[in-house]
Amino acid sequence: MVKTPSWPVDLLAALLDRILDETGMSQSQLAALVPMDQSQLSRWKSGKSRPRFESLEALGEALREKHSHLNIGPDEFVIAGGYKVDRDRNPGKLETENISPPPSVIEAAVTEQLEARLAAMQSRQDELLHEIRKLGKQMDDLQRRHEQERSQSDNRESA
């Protein structure tokens, strides 16, 4: 039996992928910001282990310091990891509780999935168009042969 993670793995993976794409960093370089081992990021992305709240917060802080242009900090990581950010009840400490991720993270994950599906559909469309062209050529060849045979048959009958 496959165990389904109880946290939004796809959302954290999408956030990490976005960061890697936009910064050009490798997983190893991103992990080195904290520091942590690259394999830990891999386990998070695959859902093999759920990141601790403190680890997400530390990675978000480090990213905000080094790549502030991304506008991604601890809150985005904490939420993508399935935790709740509640600064009103206890401003000095973030509360952790499972919640839904923010719309921006959901949008990024959905956009990525839709783009992948669109690319696959376009590829399939290209394959089908190629097949249609190939079949069209075959039909043209058959029609030419049929006309040649008919012409030869007409010539024999008239001779």
# chains A, B, ... in the order shown; residues from 1 in each chain; ligands from 1
>>> residues_around(residues="Val34 in chain A", least_positions_apart="6", cutoff="10 Å", atoms="only C-alpha atoms", output="list of chain:residue names")
A:Ser55, A:Leu56, A:Glu57, A:Ala58, A:Leu59, A:Gly60, A:Glu61, A:Ala62, A:Leu63
>>> write_last_selection(atoms="C-alpha atoms", output="PDB file, in the first residue's frame")
ATOM      1  CA  SER A  55      13.752  24.046   8.521  1.00  0.00           C
ATOM      2  CA  LEU A  56      11.246  25.723   6.215  1.00  0.00           C
ATOM      3  CA  GLU A  57      11.506  28.946   8.166  1.00  0.00           C
ATOM      4  CA  ALA A  58      15.321  28.892   8.003  1.00  0.00           C
ATOM      5  CA  LEU A  59      15.342  28.208   4.264  1.00  0.00           C
ATOM      6  CA  GLY A  60      12.836  31.007   3.689  1.00  0.00           C
ATOM      7  CA  GLU A  61      14.953  33.459   5.713  1.00  0.00           C
ATOM      8  CA  ALA A  62      18.104  32.517   3.822  1.00  0.00           C
ATOM      9  CA  LEU A  63      16.365  32.828   0.466  1.00  0.00           C
TER      10      LEU A  63
END
>>> atom_distance(atom1="CA of Gln122 in chain A", atom2="CA of Ala109 in chain A")
19.9 Å
>>> atom_distance(atom1="CA of Arg18 in chain A", atom2="CA of Ile72 in chain A")
10.4 Å
>>> closest_residue(among="A:Leu15, A:Ser28, A:Thr23, A:Asp126", to="Gly73 in chain A", atoms="only C-alpha atoms")
A:Leu15
>>> residues_around(residues="Val110 in chain A", least_positions_apart="5", cutoff="10 Å", atoms="only C-alpha atoms", output="JSON, numbers by chain")
{"A": [10, 11, 14, 104, 105, 115, 116]}
>>> select_by_dssp(residues="chain A", states="alpha helix (DSSP H)", output="VMD selection string")
chain A and resid 9 to 23 27 to 32 38 to 46 53 to 66 74 to 80 103 to 158
>>> atom_distance(atom1="CA of Gly47 in chain A", atom2="CA of Gln27 in chain A")
15.5 Å
>>> decode(residues="range 4-157 of chain A", atoms="C-alpha atoms", output="compact mmCIF listing (two decimals), in the first residue's frame")
# COMPACT_ATOMS: atom_id res chain seq x y z
CA THR A 4 -0.16 9.41 0.76
CA PRO A 5 1.56 12.34 2.45
CA SER A 6 -0.64 14.41 4.76
CA TRP A 7 0.90 17.66 3.55
CA PRO A 8 0.92 19.48 0.18
CA VAL A 9 3.99 17.85 -1.40
CA ASP A 10 3.18 19.18 -4.88
CA LEU A 11 3.00 22.74 -3.63
CA LEU A 12 6.36 22.64 -1.90
CA ALA A 13 7.88 20.91 -4.92
CA ALA A 14 6.42 23.61 -7.21
CA LEU A 15 7.80 26.36 -4.97
CA LEU A 16 11.26 24.76 -4.95
CA ASP A 17 11.17 24.27 -8.73
CA ARG A 18 10.17 27.90 -9.23
CA ILE A 19 13.06 29.05 -7.06
CA LEU A 20 15.54 26.83 -8.89
CA ASP A 21 14.25 28.01 -12.27
CA GLU A 22 14.24 31.71 -11.42
CA THR A 23 17.63 31.75 -9.67
CA GLY A 24 19.44 29.20 -11.83
CA MET A 25 20.64 27.49 -8.65
CA SER A 26 21.00 23.75 -8.27
CA GLN A 27 19.37 21.87 -5.40
CA SER A 28 22.80 21.66 -3.78
CA GLN A 29 23.26 25.42 -3.98
CA LEU A 30 19.80 26.06 -2.54
CA ALA A 31 20.42 23.60 0.29
CA ALA A 32 23.77 25.26 1.02
CA LEU A 33 21.97 28.51 1.89
CA VAL A 34 20.77 27.01 5.19
CA PRO A 35 23.04 24.77 5.22
CA MET A 36 21.47 21.38 4.75
CA ASP A 37 22.16 18.36 2.60
CA GLN A 38 20.81 18.40 -0.96
CA SER A 39 19.31 14.96 -0.40
CA GLN A 40 17.01 16.49 2.22
CA LEU A 41 15.53 18.81 -0.41
CA SER A 42 15.07 15.81 -2.69
CA ARG A 43 13.19 13.95 0.03
CA TRP A 44 10.95 16.97 0.56
CA LYS A 45 10.22 17.30 -3.17
CA SER A 46 9.38 13.62 -3.53
CA GLY A 47 7.26 13.54 -0.36
CA LYS A 48 9.49 10.96 1.29
CA SER A 49 9.85 13.24 4.30
CA ARG A 50 7.97 16.24 5.55
CA PRO A 51 10.11 19.27 6.36
CA ARG A 52 10.12 20.55 9.92
CA PHE A 53 8.61 23.96 10.46
CA GLU A 54 11.95 25.35 11.62
CA SER A 55 13.75 24.05 8.52
CA LEU A 56 11.25 25.72 6.22
CA GLU A 57 11.51 28.95 8.17
CA ALA A 58 15.32 28.89 8.00
CA LEU A 59 15.34 28.21 4.26
CA GLY A 60 12.84 31.01 3.69
CA GLU A 61 14.95 33.46 5.71
CA ALA A 62 18.10 32.52 3.82
CA LEU A 63 16.36 32.83 0.47
CA ARG A 64 14.89 36.20 1.37
CA GLU A 65 18.37 37.46 2.29
CA LYS A 66 20.13 36.15 -0.82
CA HIS A 67 17.35 36.50 -3.42
CA SER A 68 14.98 39.20 -2.19
CA HIS A 69 13.80 39.88 -5.77
CA LEU A 70 11.80 36.63 -5.65
CA ASN A 71 9.59 37.94 -2.81
CA ILE A 72 9.72 34.51 -1.21
CA GLY A 73 10.45 34.21 2.48
CA PRO A 74 9.69 32.07 5.49
CA ASP A 75 5.91 32.46 5.26
CA GLU A 76 5.77 31.08 1.72
CA PHE A 77 7.90 28.07 2.68
CA VAL A 78 5.97 27.42 5.89
CA ILE A 79 2.64 27.55 4.07
CA ALA A 80 3.87 25.40 1.16
CA GLY A 81 4.97 22.87 3.79
CA GLY A 82 1.39 22.69 5.07
CA TYR A 83 1.75 24.83 8.16
CA LYS A 84 -0.24 27.88 9.21
CA VAL A 85 1.32 31.28 9.72
CA ASP A 86 -0.43 33.14 12.54
CA ARG A 87 1.37 36.25 13.70
CA ASP A 88 -1.70 37.85 15.32
CA ARG A 89 -2.09 35.43 18.21
CA ASN A 90 1.58 35.23 19.06
CA PRO A 91 3.71 37.76 17.14
CA GLY A 92 7.00 36.34 18.39
CA LYS A 93 6.29 32.80 17.26
CA LEU A 94 4.67 31.32 14.19
CA GLU A 95 1.92 28.82 14.92
CA THR A 96 2.00 25.52 13.08
CA GLU A 97 -1.20 23.89 12.00
CA ASN A 98 -2.19 22.22 8.75
CA ILE A 99 -3.94 24.57 6.32
CA SER A 100 -4.35 25.17 2.64
CA PRO A 101 -1.45 26.84 0.83
CA PRO A 102 -1.71 30.43 -0.42
CA PRO A 103 -3.26 31.11 -3.81
CA SER A 104 0.10 32.10 -5.34
CA VAL A 105 1.58 28.69 -4.54
CA ILE A 106 -1.52 26.89 -5.79
CA GLU A 107 -1.51 29.02 -8.94
CA ALA A 108 2.17 28.24 -9.58
CA ALA A 109 1.58 24.50 -9.13
CA VAL A 110 -1.53 24.47 -11.32
CA THR A 111 0.17 26.60 -13.97
CA GLU A 112 3.13 24.23 -14.06
CA GLN A 113 0.86 21.20 -14.39
CA LEU A 114 -1.23 22.86 -17.11
CA GLU A 115 1.87 23.90 -19.05
CA ALA A 116 3.19 20.34 -18.91
CA ARG A 117 -0.16 18.97 -20.11
CA LEU A 118 -0.33 21.58 -22.87
CA ALA A 119 3.18 20.70 -24.03
CA ALA A 120 2.24 17.01 -24.10
CA MET A 121 -0.94 17.79 -26.04
CA GLN A 122 0.95 19.95 -28.53
CA SER A 123 3.48 17.20 -29.02
CA ARG A 124 0.67 14.70 -29.62
CA GLN A 125 -0.98 17.16 -32.01
CA ASP A 126 2.27 17.45 -33.97
CA GLU A 127 2.51 13.65 -34.16
CA LEU A 128 -1.08 13.41 -35.41
CA LEU A 129 -0.54 16.14 -38.02
CA HIS A 130 2.53 14.28 -39.25
CA GLU A 131 0.46 11.09 -39.54
CA ILE A 132 -2.30 12.94 -41.39
CA ARG A 133 0.21 14.38 -43.87
CA LYS A 134 1.73 10.94 -44.36
CA LEU A 135 -1.69 9.42 -44.99
CA GLY A 136 -2.52 12.26 -47.39
CA LYS A 137 0.62 11.50 -49.41
CA GLN A 138 -0.27 7.81 -49.47
CA MET A 139 -3.76 8.65 -50.70
CA ASP A 140 -2.32 10.92 -53.43
CA ASP A 141 0.03 8.11 -54.52
CA LEU A 142 -2.84 5.60 -54.63
CA GLN A 143 -5.00 8.03 -56.59
CA ARG A 144 -2.17 8.65 -59.10
CA ARG A 145 -1.62 4.91 -59.54
CA HIS A 146 -5.35 4.36 -60.00
CA GLU A 147 -5.49 7.12 -62.64
CA GLN A 148 -2.44 5.65 -64.42
CA GLU A 149 -3.98 2.20 -64.42
CA ARG A 150 -7.28 3.61 -65.71
CA SER A 151 -5.45 5.55 -68.43
CA GLN A 152 -3.50 2.44 -69.46
CA SER A 153 -6.71 0.42 -69.48
CA ASP A 154 -8.45 3.07 -71.64
CA ASN A 155 -5.49 3.12 -74.04
CA ARG A 156 -5.63 -0.68 -74.42
CA GLU A 157 -9.37 -0.60 -75.06
